[in-house]
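K.L.:
Sharing work15.pdb (PDB, C-alpha atoms) below.
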```pdb
MODEL        1
ATOM      1  CA  MET A   1     -62.556 -19.879 -41.031
ATOM      2  CA  PRO A   2     -63.566 -16.602 -42.672
ATOM      3  CA  LEU A   3     -66.246 -16.899 -45.351
ATOM      4  CA  MET A   4     -63.990 -15.744 -48.207
ATOM      5  CA  THR A   5     -60.960 -17.877 -47.324
ATOM      6  CA  PRO A   6     -60.373 -21.127 -49.227
ATOM      7  CA  LYS A   7     -59.071 -24.129 -47.345
ATOM      8  CA  SER A   8     -56.611 -24.879 -50.174
ATOM      9  CA  PHE A   9     -55.227 -22.891 -53.098
ATOM     10  CA  PHE A  10     -53.536 -24.426 -56.139
ATOM     11  CA  SER A  11     -51.982 -22.795 -59.205
ATOM     12  CA  ASP A  12     -54.295 -24.919 -61.419
ATOM     13  CA  ILE A  13     -56.534 -27.957 -61.163
ATOM     14  CA  TYR A  14     -53.825 -30.311 -62.406
ATOM     15  CA  GLU A  15     -52.015 -29.943 -59.092
ATOM     16  CA  ILE A  16     -55.043 -31.441 -57.343
ATOM     17  CA  THR A  17     -54.360 -35.152 -57.058
ATOM     18  CA  PRO A  18     -56.315 -38.108 -55.709
ATOM     19  CA  GLU A  19     -53.620 -38.458 -53.044
ATOM     20  CA  PHE A  20     -54.197 -34.898 -51.835
ATOM     21  CA  LEU A  21     -57.971 -35.424 -51.795
ATOM     22  CA  GLU A  22     -57.586 -38.721 -49.928
ATOM     23  CA  LYS A  23     -55.484 -37.014 -47.217
ATOM     24  CA  LYS A  24     -58.286 -34.492 -46.777
ATOM     25  CA  GLY A  25     -60.980 -37.181 -46.755
ATOM     26  CA  ILE A  26     -62.507 -35.838 -49.983
ATOM     27  CA  ARG A  27     -64.460 -38.323 -52.123
ATOM     28  CA  ALA A  28     -66.505 -35.876 -54.198
ATOM     29  CA  ILE A  29     -65.931 -32.541 -55.957
ATOM     30  CA  VAL A  30     -68.570 -29.968 -56.802
ATOM     31  CA  SER A  31     -66.769 -27.969 -59.478
ATOM     32  CA  ASP A  32     -67.307 -24.716 -61.270
ATOM     33  CA  ILE A  33     -66.621 -24.883 -65.029
ATOM     34  CA  ASP A  34     -65.799 -21.512 -66.574
ATOM     35  CA  ASN A  35     -62.251 -20.340 -65.902
ATOM     36  CA  THR A  36     -61.807 -23.133 -63.354
ATOM     37  CA  LEU A  37     -61.710 -26.120 -65.724
ATOM     38  CA  VAL A  38     -61.718 -24.405 -69.129
ATOM     39  CA  THR A  39     -61.991 -20.880 -70.518
ATOM     40  CA  TYR A  40     -65.362 -19.384 -71.405
ATOM     41  CA  ASP A  41     -64.361 -20.006 -75.033
ATOM     42  CA  ASP A  42     -64.009 -23.785 -74.606
ATOM     43  CA  ALA A  43     -67.380 -25.412 -75.204
ATOM     44  CA  LYS A  44     -66.061 -28.879 -74.356
ATOM     45  CA  PRO A  45     -63.398 -30.307 -72.034
ATOM     46  CA  THR A  46     -59.840 -30.259 -73.343
ATOM     47  CA  GLU A  47     -57.889 -33.502 -73.778
ATOM     48  CA  ARG A  48     -55.794 -32.682 -70.721
ATOM     49  CA  LEU A  49     -58.943 -32.094 -68.685
ATOM     50  CA  LEU A  50     -60.438 -35.394 -69.856
ATOM     51  CA  GLU A  51     -57.283 -37.122 -68.619
ATOM     52  CA  TRP A  52     -57.612 -35.384 -65.229
ATOM     53  CA  PHE A  53     -61.257 -36.496 -64.980
ATOM     54  CA  SER A  54     -60.171 -40.047 -65.811
ATOM     55  CA  VAL A  55     -57.555 -40.018 -63.047
ATOM     56  CA  MET A  56     -60.155 -38.752 -60.577
ATOM     57  CA  GLN A  57     -62.750 -41.274 -61.661
ATOM     58  CA  ASN A  58     -60.236 -44.150 -61.430
ATOM     59  CA  ALA A  59     -59.501 -43.038 -57.863
ATOM     60  CA  GLY A  60     -63.198 -43.147 -57.017
ATOM     61  CA  ILE A  61     -63.650 -39.365 -56.850
ATOM     62  CA  LYS A  62     -67.173 -38.325 -57.818
ATOM     63  CA  ILE A  63     -67.619 -35.083 -59.750
ATOM     64  CA  ALA A  64     -70.566 -32.785 -60.364
ATOM     65  CA  PHE A  65     -70.637 -29.395 -62.042
ATOM     66  CA  ILE A  66     -72.223 -26.346 -60.465
ATOM     67  CA  SER A  67     -72.278 -23.235 -62.589
ATOM     68  CA  ASN A  68     -73.844 -19.820 -62.617
ATOM     69  CA  ASN A  69     -73.891 -20.159 -66.408
ATOM     70  CA  ASN A  70     -76.980 -21.258 -68.352
ATOM     71  CA  GLY A  71     -78.210 -24.789 -68.896
ATOM     72  CA  ASP A  72     -77.177 -25.019 -72.551
ATOM     73  CA  ARG A  73     -73.561 -24.114 -71.797
ATOM     74  CA  VAL A  74     -73.294 -26.615 -68.939
ATOM     75  CA  ARG A  75     -75.152 -29.386 -70.810
ATOM     76  CA  VAL A  76     -72.879 -29.091 -73.882
ATOM     77  CA  PHE A  77     -69.754 -29.117 -71.687
ATOM     78  CA  ASN A  78     -70.962 -32.246 -69.877
ATOM     79  CA  GLU A  79     -72.292 -34.205 -72.902
ATOM     80  CA  GLU A  80     -69.441 -36.680 -73.230
ATOM     81  CA  LEU A  81     -68.822 -36.886 -69.484
ATOM     82  CA  GLY A  82     -72.246 -37.710 -68.121
ATOM     83  CA  TYR A  83     -71.682 -36.171 -64.692
ATOM     84  CA  HIS A  84     -74.441 -34.577 -62.652
ATOM     85  CA  TYR A  85     -74.683 -30.873 -63.390
ATOM     86  CA  PHE A  86     -76.435 -27.876 -61.911
ATOM     87  CA  PRO A  87     -76.666 -24.722 -64.072
ATOM     88  CA  ASN A  88     -78.012 -21.311 -63.043
ATOM     89  CA  ALA A  89     -76.763 -22.001 -59.515
ATOM     90  CA  LYS A  90     -76.821 -18.405 -58.289
ATOM     91  CA  LYS A  91     -73.644 -18.867 -56.224
ATOM     92  CA  PRO A  92     -72.909 -17.643 -53.548
ATOM     93  CA  LEU A  93     -76.436 -18.770 -52.642
ATOM     94  CA  ILE A  94     -76.197 -22.360 -51.441
ATOM     95  CA  LYS A  95     -79.491 -24.031 -52.350
ATOM     96  CA  THR A  96     -78.052 -25.542 -55.547
ATOM     97  CA  MET A  97     -74.720 -26.331 -53.849
ATOM     98  CA  LEU A  98     -76.558 -28.336 -51.162
ATOM     99  CA  LYS A  99     -78.519 -30.187 -53.850
ATOM    100  CA  ALA A 100     -75.278 -31.087 -55.653
ATOM    101  CA  ILE A 101     -73.695 -32.313 -52.409
ATOM    102  CA  GLU A 102     -76.745 -34.454 -51.672
ATOM    103  CA  THR A 103     -76.784 -35.863 -55.215
ATOM    104  CA  LEU A 104     -73.147 -36.973 -54.965
ATOM    105  CA  GLY A 105     -74.010 -38.787 -51.740
ATOM    106  CA  GLU A 106     -70.699 -38.465 -49.896
ATOM    107  CA  GLY A 107     -71.826 -35.976 -47.254
ATOM    108  CA  LYS A 108     -70.470 -32.533 -46.549
ATOM    109  CA  GLU A 109     -67.410 -33.833 -44.703
ATOM    110  CA  HIS A 110     -66.251 -35.702 -47.827
ATOM    111  CA  THR A 111     -67.116 -33.127 -50.494
ATOM    112  CA  ALA A 112     -65.086 -30.176 -51.799
ATOM    113  CA  ALA A 113     -66.064 -27.109 -53.803
ATOM    114  CA  LEU A 114     -63.618 -26.204 -56.576
ATOM    115  CA  GLY A 115     -63.628 -22.818 -58.264
ATOM    116  CA  ASP A 116     -61.802 -19.722 -59.469
ATOM    117  CA  GLN A 117     -63.897 -17.015 -57.824
ATOM    118  CA  ILE A 118     -63.795 -16.254 -54.145
ATOM    119  CA  LEU A 119     -67.033 -14.252 -54.092
ATOM    120  CA  THR A 120     -69.059 -17.049 -55.681
ATOM    121  CA  ASP A 121     -67.401 -20.479 -55.526
ATOM    122  CA  ILE A 122     -65.476 -20.199 -52.261
ATOM    123  CA  VAL A 123     -68.157 -18.274 -50.379
ATOM    124  CA  ALA A 124     -70.826 -20.773 -51.501
ATOM    125  CA  GLY A 125     -68.677 -23.756 -50.509
ATOM    126  CA  ASN A 126     -67.828 -22.283 -47.113
ATOM    127  CA  ARG A 127     -71.459 -21.347 -46.485
ATOM    128  CA  ALA A 128     -72.468 -24.913 -47.388
ATOM    129  CA  GLY A 129     -69.950 -26.251 -44.869
ATOM    130  CA  ILE A 130     -67.651 -28.099 -47.255
ATOM    131  CA  TYR A 131     -63.933 -28.039 -48.024
ATOM    132  CA  THR A 132     -63.062 -25.269 -50.518
ATOM    133  CA  ILE A 133     -60.352 -25.239 -53.168
ATOM    134  CA  LEU A 134     -59.405 -22.102 -55.098
ATOM    135  CA  VAL A 135     -57.528 -21.947 -58.397
ATOM    136  CA  PRO A 136     -56.698 -18.754 -60.302
ATOM    137  CA  PRO A 137     -58.900 -18.069 -63.321
ATOM    138  CA  ILE A 138     -57.499 -19.597 -66.496
ATOM    139  CA  LYS A 139     -58.298 -16.499 -68.561
ATOM    140  CA  ASP A 140     -59.726 -13.633 -66.603
ATOM    141  CA  LYS A 141     -62.322 -11.248 -67.914
ATOM    142  CA  THR A 142     -61.202  -7.629 -67.794
ATOM    143  CA  ASN A 143     -64.492  -5.754 -67.719
ATOM    144  CA  LEU A 144     -65.264  -3.420 -64.822
ATOM    145  CA  PHE A 145     -67.393  -6.017 -63.009
ATOM    146  CA  PHE A 146     -64.586  -8.589 -62.897
ATOM    147  CA  ARG A 147     -61.867  -6.013 -62.137
ATOM    148  CA  THR A 148     -63.957  -4.891 -59.153
ATOM    149  CA  LYS A 149     -64.433  -8.494 -57.984
ATOM    150  CA  ARG A 150     -60.680  -9.151 -58.204
ATOM    151  CA  LEU A 151     -59.975  -5.997 -56.230
ATOM    152  CA  ILE A 152     -62.345  -7.163 -53.473
ATOM    153  CA  GLU A 153     -60.745 -10.645 -53.496
ATOM    154  CA  ARG A 154     -57.145  -9.358 -53.525
ATOM    155  CA  GLY A 155     -56.729  -8.990 -49.752
ATOM    156  CA  THR A 156     -57.999 -12.521 -49.107
ATOM    157  CA  VAL A 157     -55.537 -13.951 -51.635
ATOM    158  CA  GLN A 158     -52.600 -11.974 -50.222
ATOM    159  CA  LYS A 159     -53.418 -13.021 -46.653
ATOM    160  CA  TYR A 160     -53.845 -16.668 -47.636
ATOM    161  CA  LEU A 161     -50.519 -16.778 -49.468
ATOM    162  CA  LYS A 162     -48.717 -15.075 -46.568
ATOM    163  CA  GLU A 163     -50.122 -17.640 -44.123
ATOM    164  CA  HIS A 164     -49.648 -20.621 -46.498
ATOM    165  CA  PRO A 165     -46.302 -20.390 -48.328
ATOM    166  CA  GLU A 166     -46.620 -24.099 -49.135
ATOM    167  CA  ALA A 167     -49.240 -23.120 -51.744
ATOM    168  CA  LYS A 168     -46.354 -21.994 -53.983
ATOM    169  CA  ILE A 169     -48.505 -19.559 -55.952
ATOM    170  CA  ASP A 170     -46.645 -16.804 -57.785
ATOM    171  CA  TYR A 171     -48.894 -13.944 -56.711
ATOM    172  CA  GLU A 172     -47.459 -11.514 -59.239
ATOM    173  CA  ARG A 173     -48.637 -13.779 -62.059
ATOM    174  CA  THR A 174     -52.215 -14.018 -60.775
ATOM    175  CA  VAL A 175     -55.194 -11.920 -61.811
ATOM    176  CA  TRP A 176     -55.313 -10.480 -58.286
ATOM    177  CA  ALA A 177     -51.935  -8.742 -58.690
ATOM    178  CA  LYS A 178     -52.929  -7.000 -61.919
ATOM    179  CA  ARG A 179     -54.034  -3.427 -61.587
TER     180      ARG A 179
ENDMDL
END
```
Since I need it in another form, could you write the structure as structure tokens?
P.N.:
Amino acid sequence: MPLMTPKSFFSDIYEITPEFLEKKGIRAIVSDIDNTLVTYDDAKPTERLLEWFSVMQNAGIKIAFISNNNGDRVRVFNEELGYHYFPNAKKPLIKTMLKAIETLGEGKEHTAALGDQILTDIVAGNRAGIYTILVPPIKDKTNLFFRTKRLIERGTVQKYLKEHPEAKIDYERTVWAKR
């Protein structure tokens, strides 16, 4: 599998169910936070997100957060959850990803990386040898850095959606279609 290609692609995290994860043999998720679970503006999990975490926890799915953001941001987000968290991860480097996988204790074959950025989250997960799940960013940044990243990622997204129509992603409504 190419380094930039996710193994699954959902329109948002709420489409990811315990049943789907069970079919894939996934018992743990190493998740990005910003624009994957909440916007950069949301300091804490939303009510809907708390419900999703509850469903996952009740199904026995372990969760840890891995973020390139700073420790204060990740700590505040995680305060009421109490999950393991790993800030300043430097994704796509995998040292922190491997530490998170080890901490969750389910092994690479039963752990998935969840994120909104191909060049960080998906590449890190694939390099670490785990299942990778992509979701579009909730609220994309529009500065030159992020526009350039989306341009680089665009071909991967188009190819994935052509090869996987079951993903049911409306490409034209994603950040990758915007010019």
K.L.:
Taking the file as shown, what set of residues would the PyMOL selection byres ((chain A and resi 158) around 12) give back, as a tab-separated table (two decimals) with C-alpha atoms, in the coordinates of the input?
P.N.:
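The resulting file, out_12.tsv, is reproduced below:
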```
chain	number	residue	atom	x	y	z
A	5	THR	CA	-60.96	-17.88	-47.32
A	9	PHE	CA	-55.23	-22.89	-53.10
A	150	ARG	CA	-60.68	-9.15	-58.20
A	151	LEU	CA	-59.98	-6.00	-56.23
A	152	ILE	CA	-62.34	-7.16	-53.47
A	153	GLU	CA	-60.74	-10.64	-53.50
A	154	ARG	CA	-57.14	-9.36	-53.52
A	155	GLY	CA	-56.73	-8.99	-49.75
A	156	THR	CA	-58.00	-12.52	-49.11
A	157	VAL	CA	-55.54	-13.95	-51.64
A	159	LYS	CA	-53.42	-13.02	-46.65
A	160	TYR	CA	-53.84	-16.67	-47.64
A	161	LEU	CA	-50.52	-16.78	-49.47
A	162	LYS	CA	-48.72	-15.08	-46.57
A	163	GLU	CA	-50.12	-17.64	-44.12
A	164	HIS	CA	-49.65	-20.62	-46.50
A	165	PRO	CA	-46.30	-20.39	-48.33
A	167	ALA	CA	-49.24	-23.12	-51.74
A	169	ILE	CA	-48.50	-19.56	-55.95
A	170	ASP	CA	-46.64	-16.80	-57.78
A	171	TYR	CA	-48.89	-13.94	-56.71
A	172	GLU	CA	-47.46	-11.51	-59.24
A	174	THR	CA	-52.22	-14.02	-60.78
A	175	VAL	CA	-55.19	-11.92	-61.81
A	176	TRP	CA	-55.31	-10.48	-58.29
A	177	ALA	CA	-51.94	-8.74	-58.69
```
K.L.:
What residues come out when you apply the PyMOL selection byres ((chain A and resi 98) around 10) to this file, written as number ranges by chain?
P.N.:
A: 30, 93-97, 99-103, 107-108, 124-125, 127-130
K.L.:
Counting only C-alpha atoms, figure out which residue out of A:Val135, A:Asn78, A:Phe53, A:Gly71 gets nearest to Ile118 of chain A.
P.N.:
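Closest residue, counting only C-alpha atoms: A:Val135.
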K.L.:
Between A:Asp32, A:Asp41, A:Glu22, A:Asp116, which one has atoms that come closest to Phe146 of chain A, using all atoms listed in the file?
P.N.:
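Selected residue with least distance to Phe146 of chain A: A:Asp116.
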K.L.:
Quick one, how far is atom CA of Phe145 of chain A from atom CA of Pro92 of chain A?
P.N.:
16.0 Å
K.L.:
Quick one: residues within 12 Å of Val76 of chain A, all atoms listed in the file counted, chain neighbours fewer than 4 positions away excluded, as a ChimeraX atom specification?
P.N.:
/A:33,42-45,69-72,80-83,85,87
K.L.:
Can you write out the residues you just picked, keeping C-alpha atoms, as a short mmCIF file (atom, residue, chain, number, x, y, z; two decimals), in the coordinates of the input?
P.N.:
```cif
data_model
loop_
_atom_site.label_atom_id
_atom_site.label_comp_id
_atom_site.auth_asym_id
_atom_site.auth_seq_id
_atom_site.Cartn_x
_atom_site.Cartn_y
_atom_site.Cartn_z
CA ILE A 33 -66.62 -24.88 -65.03
CA ASP A 42 -64.01 -23.78 -74.61
CA ALA A 43 -67.38 -25.41 -75.20
CA LYS A 44 -66.06 -28.88 -74.36
CA PRO A 45 -63.40 -30.31 -72.03
CA ASN A 69 -73.89 -20.16 -66.41
CA ASN A 70 -76.98 -21.26 -68.35
CA GLY A 71 -78.21 -24.79 -68.90
CA ASP A 72 -77.18 -25.02 -72.55
CA GLU A 80 -69.44 -36.68 -73.23
CA LEU A 81 -68.82 -36.89 -69.48
CA GLY A 82 -72.25 -37.71 -68.12
CA TYR A 83 -71.68 -36.17 -64.69
CA TYR A 85 -74.68 -30.87 -63.39
CA PRO A 87 -76.67 -24.72 -64.07
#
```
K.L.:
Hey, which of A:Pro18, A:Ser31, A:Tyr131, A:Val123 ends up closest to Thr111 of chain A? Count only C-alpha atoms.
P.N.:
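Among the listed residues, the smallest separation from Thr111 of chain A belongs to A:Tyr131.
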K.L.:
Find, counting only C-alpha atoms, the residue in A:Leu104, A:Leu114, A:Ile63, A:Leu144 that gets nearest to Thr132 of chain A.
P.N.:
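Ranked by minimum distance to Thr132 of chain A, first place goes to A:Leu114.
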K.L.:
So, with all atoms listed in the file as the atoms that count, which of A:Lys178, A:Lys139, A:Lys168, A:Lys62 lies closest to Glu15 of chain A?
P.N.:
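Counting all atoms listed in the file, the residue closest to Glu15 of chain A is A:Lys168.
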K.L.:
Please, what is the axis-aligned box for every listed atom of segment 27-46 of chain A with 6 Å on each side, as centre and edge lengths in Å to one decimal, as JSON?
P.N.:
```
{"center_x": -64.2, "center_y": -28.9, "center_z": -63.7, "size_x": 20.7, "size_y": 30.9, "size_z": 35.1}
```
K.L.:
Check the smallest atom-to-atom distance from each of A:Glu109, A:Thr120, A:Arg75, A:Gly25 to Ala89 of chain A using all atoms listed in the file, then report the winner.
P.N.:
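Of all the options, A:Thr120 lies closest to Ala89 of chain A.
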K.L.:
Go ahead and compute the interatomic distance for atom CA of His84 of chain A and atom CA of Gly60 of chain A, in Å to one decimal.
P.N.:
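Answer for the atom CA of His84 of chain A to atom CA of Gly60 of chain A separation: 15.2 Å.
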K.L.:
I'd like the residues picked by the PyMOL selection byres ((chain A and resi 137) around 9) written out as an NGL selection string, using the chain letters and numbers from the file.
P.N.:
:A and (12 or 34-37 or 39 or 115-117 or 135-136 or 138-141 or 174-175)
K.L.:
Those residues with C-alpha atoms, as a short mmCIF file (atom, residue, chain, number, x, y, z; two decimals), in the frame of the given file please?
P.N.:
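Produced file out29.cif, reproduced below:
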```cif
data_model
loop_
_atom_site.label_atom_id
_atom_site.label_comp_id
_atom_site.auth_asym_id
_atom_site.auth_seq_id
_atom_site.Cartn_x
_atom_site.Cartn_y
_atom_site.Cartn_z
CA ASP A 12 -54.30 -24.92 -61.42
CA ASP A 34 -65.80 -21.51 -66.57
CA ASN A 35 -62.25 -20.34 -65.90
CA THR A 36 -61.81 -23.13 -63.35
CA LEU A 37 -61.71 -26.12 -65.72
CA THR A 39 -61.99 -20.88 -70.52
CA GLY A 115 -63.63 -22.82 -58.26
CA ASP A 116 -61.80 -19.72 -59.47
CA GLN A 117 -63.90 -17.02 -57.82
CA VAL A 135 -57.53 -21.95 -58.40
CA PRO A 136 -56.70 -18.75 -60.30
CA ILE A 138 -57.50 -19.60 -66.50
CA LYS A 139 -58.30 -16.50 -68.56
CA ASP A 140 -59.73 -13.63 -66.60
CA LYS A 141 -62.32 -11.25 -67.91
CA THR A 174 -52.22 -14.02 -60.78
CA VAL A 175 -55.19 -11.92 -61.81
#
```
K.L.:
Go ahead and compute the interatomic distance for atom CA of His110 of chain A and atom CA of Ile66 of chain A, in Å to one decimal.
P.N.:
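Atom CA of Ile66 of chain A lies at a distance of 16.8 Å from atom CA of His110 of chain A.
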K.L.:
Skipping near chain neighbours, those fewer than 6 positions away, what residues fall within 12 Å of Thr17 of chain A using only C-alpha atoms, listed as an NGL selection string?
P.N.:
:A and (10 or 23-24 or 26-27 or 29 or 52-61)
K.L.:
Output segment 36-58 of chain A as a JSON list (two decimals), in the frame of the given file, making sure N, CA and C atoms are there.
P.N.:
```json
[["chain", "number", "residue", "atom", "x", "y", "z"],
["A", 36, "THR", "N", -62.36, -22.19, -64.33],
["A", 36, "THR", "CA", -61.81, -23.13, -63.35],
["A", 36, "THR", "C", -61.25, -24.34, -64.11],
["A", 37, "LEU", "N", -62.09, -24.93, -64.96],
["A", 37, "LEU", "CA", -61.71, -26.12, -65.72],
["A", 37, "LEU", "C", -61.30, -25.79, -67.15],
["A", 38, "VAL", "N", -62.00, -24.86, -67.76],
["A", 38, "VAL", "CA", -61.72, -24.40, -69.13],
["A", 38, "VAL", "C", -62.04, -22.92, -69.21],
["A", 39, "THR", "N", -61.63, -22.28, -70.31],
["A", 39, "THR", "CA", -61.99, -20.88, -70.52],
["A", 39, "THR", "C", -63.46, -20.80, -70.95],
["A", 40, "TYR", "N", -64.00, -19.60, -70.92],
["A", 40, "TYR", "CA", -65.36, -19.38, -71.40],
["A", 40, "TYR", "C", -65.48, -19.76, -72.87],
["A", 41, "ASP", "N", -64.37, -19.71, -73.60],
["A", 41, "ASP", "CA", -64.36, -20.01, -75.03],
["A", 41, "ASP", "C", -64.38, -21.50, -75.36],
["A", 42, "ASP", "N", -64.06, -22.34, -74.38],
["A", 42, "ASP", "CA", -64.01, -23.78, -74.61],
["A", 42, "ASP", "C", -65.37, -24.40, -74.33],
["A", 43, "ALA", "N", -66.05, -24.83, -75.38],
["A", 43, "ALA", "CA", -67.38, -25.41, -75.20],
["A", 43, "ALA", "C", -67.31, -26.80, -74.57],
["A", 44, "LYS", "N", -66.22, -27.50, -74.82],
["A", 44, "LYS", "CA", -66.06, -28.88, -74.36],
["A", 44, "LYS", "C", -64.76, -29.01, -73.55],
["A", 45, "PRO", "N", -64.64, -30.08, -72.77],
["A", 45, "PRO", "CA", -63.40, -30.31, -72.03],
["A", 45, "PRO", "C", -62.22, -30.52, -72.98],
["A", 46, "THR", "N", -61.06, -30.03, -72.58],
["A", 46, "THR", "CA", -59.84, -30.26, -73.34],
["A", 46, "THR", "C", -59.36, -31.70, -73.12],
["A", 47, "GLU", "N", -58.45, -32.15, -73.95],
["A", 47, "GLU", "CA", -57.89, -33.50, -73.78],
["A", 47, "GLU", "C", -57.22, -33.65, -72.41],
["A", 48, "ARG", "N", -56.47, -32.63, -72.02],
["A", 48, "ARG", "CA", -55.79, -32.68, -70.72],
["A", 48, "ARG", "C", -56.82, -32.78, -69.59],
["A", 49, "LEU", "N", -57.91, -32.04, -69.71],
["A", 49, "LEU", "CA", -58.94, -32.09, -68.68],
["A", 49, "LEU", "C", -59.62, -33.46, -68.65],
["A", 50, "LEU", "N", -59.86, -34.05, -69.81],
["A", 50, "LEU", "CA", -60.44, -35.39, -69.86],
["A", 50, "LEU", "C", -59.54, -36.40, -69.16],
["A", 51, "GLU", "N", -58.24, -36.25, -69.32],
["A", 51, "GLU", "CA", -57.28, -37.12, -68.62],
["A", 51, "GLU", "C", -57.38, -36.93, -67.11],
["A", 52, "TRP", "N", -57.49, -35.67, -66.66],
["A", 52, "TRP", "CA", -57.61, -35.38, -65.23],
["A", 52, "TRP", "C", -58.90, -36.01, -64.67],
["A", 53, "PHE", "N", -60.01, -35.87, -65.42],
["A", 53, "PHE", "CA", -61.26, -36.50, -64.98],
["A", 53, "PHE", "C", -61.09, -38.01, -64.87],
["A", 54, "SER", "N", -60.39, -38.61, -65.82],
["A", 54, "SER", "CA", -60.17, -40.05, -65.81],
["A", 54, "SER", "C", -59.38, -40.48, -64.57],
["A", 55, "VAL", "N", -58.35, -39.72, -64.25],
["A", 55, "VAL", "CA", -57.56, -40.02, -63.05],
["A", 55, "VAL", "C", -58.44, -39.94, -61.80],
["A", 56, "MET", "N", -59.26, -38.91, -61.73],
["A", 56, "MET", "CA", -60.16, -38.75, -60.58],
["A", 56, "MET", "C", -61.16, -39.89, -60.50],
["A", 57, "GLN", "N", -61.75, -40.21, -61.62],
["A", 57, "GLN", "CA", -62.75, -41.27, -61.66],
["A", 57, "GLN", "C", -62.12, -42.61, -61.27],
["A", 58, "ASN", "N", -60.92, -42.90, -61.77],
["A", 58, "ASN", "CA", -60.24, -44.15, -61.43],
["A", 58, "ASN", "C", -59.90, -44.23, -59.95]]
```
